[in-house]
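K.L.:
For reference, the file upload_27.txt (compact mmCIF, N, CA and C atoms) is included below:
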```
# COMPACT_ATOMS: atom_id res chain seq x y z
N MET A 70 159.24 -20.94 87.60
CA MET A 70 157.92 -21.39 87.20
C MET A 70 157.14 -21.80 88.44
N THR A 71 155.88 -21.53 88.43
CA THR A 71 155.03 -21.96 89.52
C THR A 71 154.54 -23.37 89.26
N LYS A 72 154.04 -24.01 90.28
CA LYS A 72 153.53 -25.37 90.12
C LYS A 72 152.36 -25.43 89.16
N ASN A 73 151.54 -24.41 89.17
CA ASN A 73 150.34 -24.39 88.34
C ASN A 73 150.43 -23.26 87.33
N ASN A 74 151.33 -23.41 86.35
CA ASN A 74 151.58 -22.28 85.47
C ASN A 74 150.37 -21.89 84.64
N LYS A 75 149.53 -22.84 84.27
CA LYS A 75 148.32 -22.46 83.54
C LYS A 75 147.40 -21.67 84.45
N ASP A 76 147.35 -22.05 85.71
CA ASP A 76 146.53 -21.31 86.65
C ASP A 76 147.04 -19.88 86.81
N LEU A 77 148.35 -19.69 86.90
CA LEU A 77 148.90 -18.35 87.08
C LEU A 77 148.69 -17.51 85.82
N THR A 78 148.90 -18.09 84.66
CA THR A 78 148.69 -17.31 83.44
C THR A 78 147.21 -16.97 83.28
N GLN A 79 146.32 -17.86 83.70
CA GLN A 79 144.88 -17.54 83.66
C GLN A 79 144.55 -16.45 84.66
N LEU A 80 145.13 -16.54 85.85
CA LEU A 80 144.94 -15.47 86.84
C LEU A 80 145.44 -14.13 86.30
N ALA A 81 146.59 -14.16 85.64
CA ALA A 81 147.14 -12.94 85.05
C ALA A 81 146.21 -12.41 83.97
N ALA A 82 145.69 -13.29 83.13
CA ALA A 82 144.76 -12.86 82.08
C ALA A 82 143.51 -12.24 82.68
N ASP A 83 142.99 -12.85 83.73
CA ASP A 83 141.80 -12.31 84.40
C ASP A 83 142.10 -10.95 85.02
N TYR A 84 143.27 -10.84 85.66
CA TYR A 84 143.65 -9.57 86.29
C TYR A 84 143.78 -8.47 85.24
N VAL A 85 144.48 -8.78 84.15
CA VAL A 85 144.69 -7.78 83.09
C VAL A 85 143.35 -7.37 82.49
N ARG A 86 142.48 -8.33 82.23
CA ARG A 86 141.16 -8.02 81.68
C ARG A 86 140.42 -7.03 82.60
N ASN A 87 140.39 -7.34 83.89
CA ASN A 87 139.71 -6.47 84.85
C ASN A 87 140.40 -5.12 84.98
N TYR A 88 141.73 -5.15 84.99
CA TYR A 88 142.49 -3.90 85.11
C TYR A 88 142.18 -2.97 83.94
N LEU A 89 142.19 -3.53 82.74
CA LEU A 89 141.93 -2.70 81.57
C LEU A 89 140.48 -2.21 81.53
N LEU A 90 139.54 -3.05 81.93
CA LEU A 90 138.14 -2.62 81.98
C LEU A 90 137.95 -1.45 82.95
N GLU A 91 138.65 -1.50 84.06
CA GLU A 91 138.51 -0.46 85.08
C GLU A 91 139.34 0.79 84.82
N ASN A 92 140.47 0.65 84.14
CA ASN A 92 141.43 1.76 84.04
C ASN A 92 141.70 2.31 82.65
N GLN A 93 141.43 1.54 81.63
CA GLN A 93 141.77 1.96 80.27
C GLN A 93 140.79 3.02 79.78
N PRO A 94 141.29 4.13 79.26
CA PRO A 94 140.39 5.13 78.69
C PRO A 94 139.55 4.52 77.56
N SER A 95 138.32 4.93 77.45
CA SER A 95 137.41 4.35 76.46
C SER A 95 137.81 4.66 75.02
N HIS A 96 138.63 5.68 74.82
CA HIS A 96 139.04 6.03 73.46
C HIS A 96 140.23 5.20 72.96
N PHE A 97 140.71 4.25 73.76
CA PHE A 97 141.80 3.37 73.33
C PHE A 97 141.18 2.20 72.56
N PHE A 98 141.31 2.24 71.26
CA PHE A 98 140.71 1.20 70.44
C PHE A 98 141.71 0.12 70.04
N PHE A 99 142.98 0.35 70.25
CA PHE A 99 143.98 -0.65 69.85
C PHE A 99 144.61 -1.33 71.05
N HIS A 100 145.15 -0.59 71.98
CA HIS A 100 145.82 -1.16 73.15
C HIS A 100 144.76 -1.53 74.19
N ASN A 101 144.01 -2.57 73.88
CA ASN A 101 142.86 -2.94 74.69
C ASN A 101 142.92 -4.42 75.07
N ILE A 102 141.83 -4.91 75.61
CA ILE A 102 141.77 -6.30 76.08
C ILE A 102 142.00 -7.28 74.93
N ALA A 103 141.36 -7.04 73.80
CA ALA A 103 141.52 -7.95 72.66
C ALA A 103 142.98 -8.02 72.22
N TYR A 104 143.65 -6.89 72.21
CA TYR A 104 145.05 -6.88 71.81
C TYR A 104 145.93 -7.61 72.83
N ALA A 105 145.64 -7.44 74.11
CA ALA A 105 146.38 -8.16 75.15
C ALA A 105 146.22 -9.66 74.96
N GLU A 106 145.02 -10.08 74.65
CA GLU A 106 144.78 -11.51 74.42
C GLU A 106 145.48 -12.01 73.17
N GLU A 107 145.50 -11.19 72.11
CA GLU A 107 146.22 -11.56 70.89
C GLU A 107 147.71 -11.73 71.18
N LEU A 108 148.28 -10.82 71.96
CA LEU A 108 149.69 -10.92 72.31
C LEU A 108 149.98 -12.19 73.09
N SER A 109 149.09 -12.55 74.01
CA SER A 109 149.32 -13.76 74.81
C SER A 109 149.26 -15.01 73.94
N ILE A 110 148.37 -15.02 72.95
CA ILE A 110 148.29 -16.15 72.02
C ILE A 110 149.57 -16.23 71.19
N SER A 111 150.05 -15.08 70.72
CA SER A 111 151.32 -15.06 69.97
C SER A 111 152.47 -15.54 70.84
N ALA A 112 152.47 -15.13 72.10
CA ALA A 112 153.52 -15.56 73.01
C ALA A 112 153.50 -17.07 73.20
N GLU A 113 152.31 -17.64 73.34
CA GLU A 113 152.17 -19.10 73.49
C GLU A 113 152.75 -19.79 72.26
N LYS A 114 152.38 -19.33 71.08
CA LYS A 114 152.84 -19.95 69.83
C LYS A 114 154.36 -19.84 69.69
N ILE A 115 154.88 -18.66 69.93
CA ILE A 115 156.33 -18.46 69.80
C ILE A 115 157.08 -19.31 70.83
N ALA A 116 156.56 -19.40 72.04
CA ALA A 116 157.20 -20.21 73.08
C ALA A 116 157.26 -21.67 72.68
N VAL A 117 156.18 -22.17 72.07
CA VAL A 117 156.15 -23.56 71.63
C VAL A 117 157.14 -23.76 70.48
N GLU A 118 157.11 -22.86 69.51
CA GLU A 118 158.03 -22.95 68.37
C GLU A 118 159.49 -22.87 68.80
N ALA A 119 159.77 -22.09 69.83
CA ALA A 119 161.14 -21.93 70.32
C ALA A 119 161.52 -23.03 71.30
N ASN A 120 160.55 -23.88 71.61
CA ASN A 120 160.79 -24.99 72.55
C ASN A 120 161.30 -24.48 73.90
N LEU A 121 160.64 -23.42 74.39
CA LEU A 121 161.05 -22.83 75.67
C LEU A 121 160.69 -23.75 76.83
N PRO A 122 161.52 -23.76 77.85
CA PRO A 122 161.13 -24.45 79.08
C PRO A 122 159.87 -23.79 79.65
N LEU A 123 159.12 -24.52 80.45
CA LEU A 123 157.85 -24.00 80.98
C LEU A 123 158.00 -22.67 81.72
N ALA A 124 159.06 -22.50 82.49
CA ALA A 124 159.24 -21.25 83.23
C ALA A 124 159.37 -20.06 82.28
N GLU A 125 160.13 -20.21 81.22
CA GLU A 125 160.30 -19.11 80.26
C GLU A 125 159.03 -18.88 79.45
N LYS A 126 158.31 -19.95 79.16
CA LYS A 126 157.03 -19.80 78.46
C LYS A 126 156.07 -18.98 79.33
N GLU A 127 156.01 -19.32 80.59
CA GLU A 127 155.16 -18.59 81.53
C GLU A 127 155.56 -17.12 81.57
N GLN A 128 156.84 -16.83 81.65
CA GLN A 128 157.32 -15.45 81.70
C GLN A 128 156.94 -14.70 80.44
N LEU A 129 157.10 -15.33 79.30
CA LEU A 129 156.79 -14.69 78.02
C LEU A 129 155.31 -14.37 77.92
N VAL A 130 154.47 -15.31 78.31
CA VAL A 130 153.02 -15.11 78.21
C VAL A 130 152.56 -14.03 79.19
N ILE A 131 153.06 -14.08 80.40
CA ILE A 131 152.66 -13.07 81.39
C ILE A 131 153.12 -11.68 80.95
N ALA A 132 154.34 -11.57 80.45
CA ALA A 132 154.81 -10.28 79.95
C ALA A 132 153.92 -9.78 78.81
N ALA A 133 153.53 -10.68 77.92
CA ALA A 133 152.66 -10.30 76.81
C ALA A 133 151.32 -9.78 77.32
N LEU A 134 150.77 -10.45 78.31
CA LEU A 134 149.49 -10.02 78.86
C LEU A 134 149.57 -8.61 79.45
N PHE A 135 150.64 -8.33 80.18
CA PHE A 135 150.76 -7.05 80.87
C PHE A 135 151.31 -5.93 79.98
N ASN A 136 151.73 -6.25 78.78
CA ASN A 136 152.45 -5.30 77.95
C ASN A 136 151.75 -3.95 77.77
N ASN A 137 150.45 -3.93 77.67
CA ASN A 137 149.75 -2.68 77.39
C ASN A 137 149.04 -2.07 78.59
N THR A 138 149.18 -2.67 79.75
CA THR A 138 148.49 -2.14 80.93
C THR A 138 148.98 -0.73 81.28
N GLY A 139 150.22 -0.44 80.99
CA GLY A 139 150.80 0.86 81.34
C GLY A 139 150.19 2.03 80.60
N PHE A 140 149.56 1.78 79.46
CA PHE A 140 148.92 2.87 78.72
C PHE A 140 147.84 3.54 79.56
N ALA A 141 147.23 2.79 80.48
CA ALA A 141 146.18 3.36 81.33
C ALA A 141 146.75 4.33 82.36
N GLN A 142 148.05 4.24 82.65
CA GLN A 142 148.68 5.12 83.64
C GLN A 142 149.51 6.22 83.04
N ASP A 143 150.31 5.87 82.03
CA ASP A 143 151.27 6.83 81.50
C ASP A 143 151.54 6.49 80.04
N TYR A 144 150.85 7.19 79.15
CA TYR A 144 150.95 6.88 77.73
C TYR A 144 152.38 6.98 77.21
N GLU A 145 153.10 8.03 77.61
CA GLU A 145 154.46 8.24 77.12
C GLU A 145 155.46 7.22 77.65
N ASN A 146 155.27 6.79 78.87
CA ASN A 146 156.20 5.84 79.52
C ASN A 146 155.48 4.54 79.85
N HIS A 147 154.67 4.09 78.89
CA HIS A 147 153.83 2.92 79.14
C HIS A 147 154.62 1.65 79.41
N ALA A 148 155.79 1.49 78.81
CA ALA A 148 156.57 0.27 79.02
C ALA A 148 156.98 0.14 80.49
N GLN A 149 157.48 1.21 81.06
CA GLN A 149 157.88 1.17 82.47
C GLN A 149 156.67 1.03 83.37
N ALA A 150 155.58 1.71 83.03
CA ALA A 150 154.36 1.59 83.82
C ALA A 150 153.83 0.16 83.77
N SER A 151 153.85 -0.46 82.61
CA SER A 151 153.42 -1.86 82.48
C SER A 151 154.29 -2.77 83.33
N ALA A 152 155.59 -2.53 83.30
CA ALA A 152 156.53 -3.34 84.09
C ALA A 152 156.21 -3.22 85.58
N ASN A 153 155.90 -2.02 86.02
CA ASN A 153 155.59 -1.80 87.44
C ASN A 153 154.26 -2.43 87.85
N ILE A 154 153.27 -2.36 86.96
CA ILE A 154 151.98 -2.98 87.24
C ILE A 154 152.15 -4.50 87.35
N ALA A 155 152.89 -5.07 86.41
CA ALA A 155 153.12 -6.53 86.43
C ALA A 155 153.88 -6.92 87.69
N LYS A 156 154.90 -6.16 88.03
CA LYS A 156 155.70 -6.48 89.21
C LYS A 156 154.85 -6.48 90.47
N ALA A 157 154.02 -5.46 90.63
CA ALA A 157 153.17 -5.38 91.82
C ALA A 157 152.22 -6.57 91.89
N TRP A 158 151.63 -6.93 90.75
CA TRP A 158 150.70 -8.05 90.75
C TRP A 158 151.42 -9.37 91.03
N LEU A 159 152.55 -9.58 90.37
CA LEU A 159 153.31 -10.82 90.57
C LEU A 159 153.76 -10.97 92.02
N GLU A 160 154.20 -9.88 92.61
CA GLU A 160 154.60 -9.93 94.02
C GLU A 160 153.40 -10.27 94.91
N SER A 161 152.23 -9.77 94.56
CA SER A 161 151.03 -10.08 95.35
C SER A 161 150.65 -11.56 95.22
N GLN A 162 151.15 -12.21 94.18
CA GLN A 162 150.89 -13.63 93.96
C GLN A 162 152.03 -14.51 94.53
N ASN A 163 152.98 -13.86 95.22
CA ASN A 163 154.15 -14.54 95.77
C ASN A 163 154.97 -15.26 94.70
N TYR A 164 155.04 -14.64 93.55
CA TYR A 164 155.85 -15.17 92.44
C TYR A 164 157.32 -14.98 92.81
N PRO A 165 158.17 -15.94 92.47
CA PRO A 165 159.58 -15.83 92.84
C PRO A 165 160.23 -14.53 92.32
N GLU A 166 161.00 -13.89 93.19
CA GLU A 166 161.59 -12.59 92.88
C GLU A 166 162.43 -12.62 91.59
N GLU A 167 163.21 -13.66 91.40
CA GLU A 167 164.04 -13.76 90.20
C GLU A 167 163.18 -13.75 88.93
N GLN A 168 162.06 -14.42 88.99
CA GLN A 168 161.17 -14.46 87.82
C GLN A 168 160.40 -13.15 87.66
N VAL A 169 160.06 -12.51 88.77
CA VAL A 169 159.45 -11.18 88.71
C VAL A 169 160.40 -10.24 87.98
N ASN A 170 161.68 -10.30 88.33
CA ASN A 170 162.67 -9.42 87.72
C ASN A 170 162.83 -9.68 86.23
N ILE A 171 162.71 -10.93 85.83
CA ILE A 171 162.81 -11.26 84.39
C ILE A 171 161.65 -10.62 83.63
N ILE A 172 160.44 -10.79 84.13
CA ILE A 172 159.26 -10.22 83.47
C ILE A 172 159.32 -8.70 83.49
N HIS A 173 159.73 -8.13 84.62
CA HIS A 173 159.89 -6.68 84.72
C HIS A 173 160.89 -6.19 83.66
N GLY A 174 161.98 -6.92 83.49
CA GLY A 174 162.98 -6.55 82.50
C GLY A 174 162.46 -6.65 81.07
N LEU A 175 161.69 -7.69 80.78
CA LEU A 175 161.11 -7.83 79.44
C LEU A 175 160.23 -6.62 79.12
N LEU A 176 159.39 -6.26 80.08
CA LEU A 176 158.47 -5.15 79.86
C LEU A 176 159.18 -3.80 79.83
N SER A 177 160.14 -3.61 80.71
CA SER A 177 160.88 -2.34 80.77
C SER A 177 161.65 -2.08 79.50
N ASN A 178 162.13 -3.15 78.87
CA ASN A 178 162.97 -3.02 77.68
C ASN A 178 162.22 -3.32 76.39
N ALA A 179 160.90 -3.29 76.45
CA ALA A 179 160.09 -3.67 75.29
C ALA A 179 160.32 -2.78 74.07
N LYS A 180 160.77 -1.55 74.29
CA LYS A 180 160.97 -0.63 73.18
C LYS A 180 162.33 -0.78 72.51
N GLU A 181 163.20 -1.62 73.07
CA GLU A 181 164.53 -1.80 72.49
C GLU A 181 164.42 -2.33 71.06
N ASP A 182 165.22 -1.75 70.17
CA ASP A 182 165.21 -2.20 68.77
C ASP A 182 166.09 -3.42 68.54
N ALA A 183 167.09 -3.60 69.37
CA ALA A 183 168.02 -4.71 69.18
C ALA A 183 168.25 -5.45 70.50
N PRO A 184 167.24 -6.22 70.94
CA PRO A 184 167.41 -6.96 72.20
C PRO A 184 168.56 -7.95 72.09
N GLN A 185 169.21 -8.21 73.22
CA GLN A 185 170.40 -9.05 73.22
C GLN A 185 170.14 -10.49 73.68
N GLU A 186 169.31 -10.66 74.68
CA GLU A 186 169.10 -11.98 75.25
C GLU A 186 167.98 -12.71 74.51
N ARG A 187 168.03 -14.03 74.55
CA ARG A 187 167.08 -14.86 73.80
C ARG A 187 165.63 -14.54 74.16
N LEU A 188 165.30 -14.50 75.44
CA LEU A 188 163.92 -14.26 75.84
C LEU A 188 163.48 -12.85 75.42
N GLN A 189 164.38 -11.89 75.50
CA GLN A 189 164.06 -10.54 75.05
C GLN A 189 163.80 -10.52 73.54
N LYS A 190 164.59 -11.27 72.79
CA LYS A 190 164.38 -11.35 71.34
C LYS A 190 163.02 -11.97 71.03
N LEU A 191 162.67 -13.02 71.77
CA LEU A 191 161.38 -13.66 71.54
C LEU A 191 160.23 -12.73 71.92
N PHE A 192 160.41 -11.97 73.00
CA PHE A 192 159.37 -11.01 73.39
C PHE A 192 159.22 -9.93 72.33
N HIS A 193 160.32 -9.50 71.76
CA HIS A 193 160.28 -8.54 70.67
C HIS A 193 159.48 -9.13 69.50
N ASP A 194 159.70 -10.40 69.22
CA ASP A 194 158.94 -11.06 68.14
C ASP A 194 157.45 -11.11 68.47
N VAL A 195 157.12 -11.37 69.72
CA VAL A 195 155.71 -11.38 70.14
C VAL A 195 155.07 -10.03 69.84
N LEU A 196 155.76 -8.97 70.19
CA LEU A 196 155.21 -7.63 70.04
C LEU A 196 155.09 -7.19 68.58
N TRP A 197 155.94 -7.74 67.72
CA TRP A 197 155.95 -7.30 66.34
C TRP A 197 155.48 -8.37 65.37
N ALA A 198 154.93 -9.46 65.89
CA ALA A 198 154.46 -10.56 65.03
C ALA A 198 153.21 -10.15 64.27
```
Could you take the file, read its structure, and then write that structure out as structure tokens?
P.N.:
Amino acid sequence: MTKNNKDLTQLAADYVRNYLLENQPSHFFFHNIAYAEELSISAEKIAVEANLPLAEKEQLVIAALFNNTGFAQDYENHAQASANIAKAWLESQNYPEEQVNIIHGLLSNAKEDAPQERLQKLFHDVLWA
């Protein structure tokens, strides 16, 4: 977790908003900015309900924000593209490598039907809530 986790999640939200405005095809009516914001709100709620530590809450919210960014690069492999976009941005923010890897893993495995780890299960709930 960073010292200013609300600041980082807000920075992530701003980045994703700008990224989608600049890169998302105009014919995408579902995987858009509004949906990214809805996912982040769901992530916040689920994190509170699950009583997650702040670091995991931050990871869940950031993963939710970046979840659909990959559609702008590679529709078929959007999960991996989203993971790579998030990783590049997080590294540019000097986010700790271990936490970058956690978020990258959440996004890379977003299509799994039966996640095994707790945070992955919660992320699955965010996506399907």
K.L.:
Report the distance between CA of Ala112 (chain A) and CA of Lys126 (chain A) in Å, rounded to one decimal place.
P.N.:
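Here the two named atoms are 7.7 Å from each other.
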K.L.:
Quick one, how far is CA of Leu90 (chain A) from CA of Asn146 (chain A)?
P.N.:
20.1 Å
K.L.:
Point out the residue among A:Val195, A:Ala141, A:Leu108, A:Ala152 with the least atom-to-atom distance to Gly174 (chain A), counting all atoms listed in the file.
P.N.:
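Nearest to Gly174 (chain A): A:Ala152.
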K.L.:
Calculated over only N, CA and C atoms, which of the candidates A:Ala179, A:Lys114, A:Tyr88, A:Ser109 has the smallest distance to Gln149 (chain A)?
P.N.:
A:Ala179
K.L.:
For Ile171 (chain A), list every protein, DNA or RNA residue within 10 Å, evaluated using only C-alpha atoms, and leave out those in the same chain fewer than 5 positions away; present the list as a ChimeraX atom specification.
P.N.:
/A:125,128-129,132,156,166,176-177,188-189
K.L.:
Out of A:Gln93, A:Gln185, A:His147, A:Arg86, which residue has the shortest atom-to-atom distance to Leu134 (chain A) when counting only C-alpha atoms?
P.N.:
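Once distances to Leu134 (chain A) are computed over only C-alpha atoms, the minimum belongs to A:Arg86.
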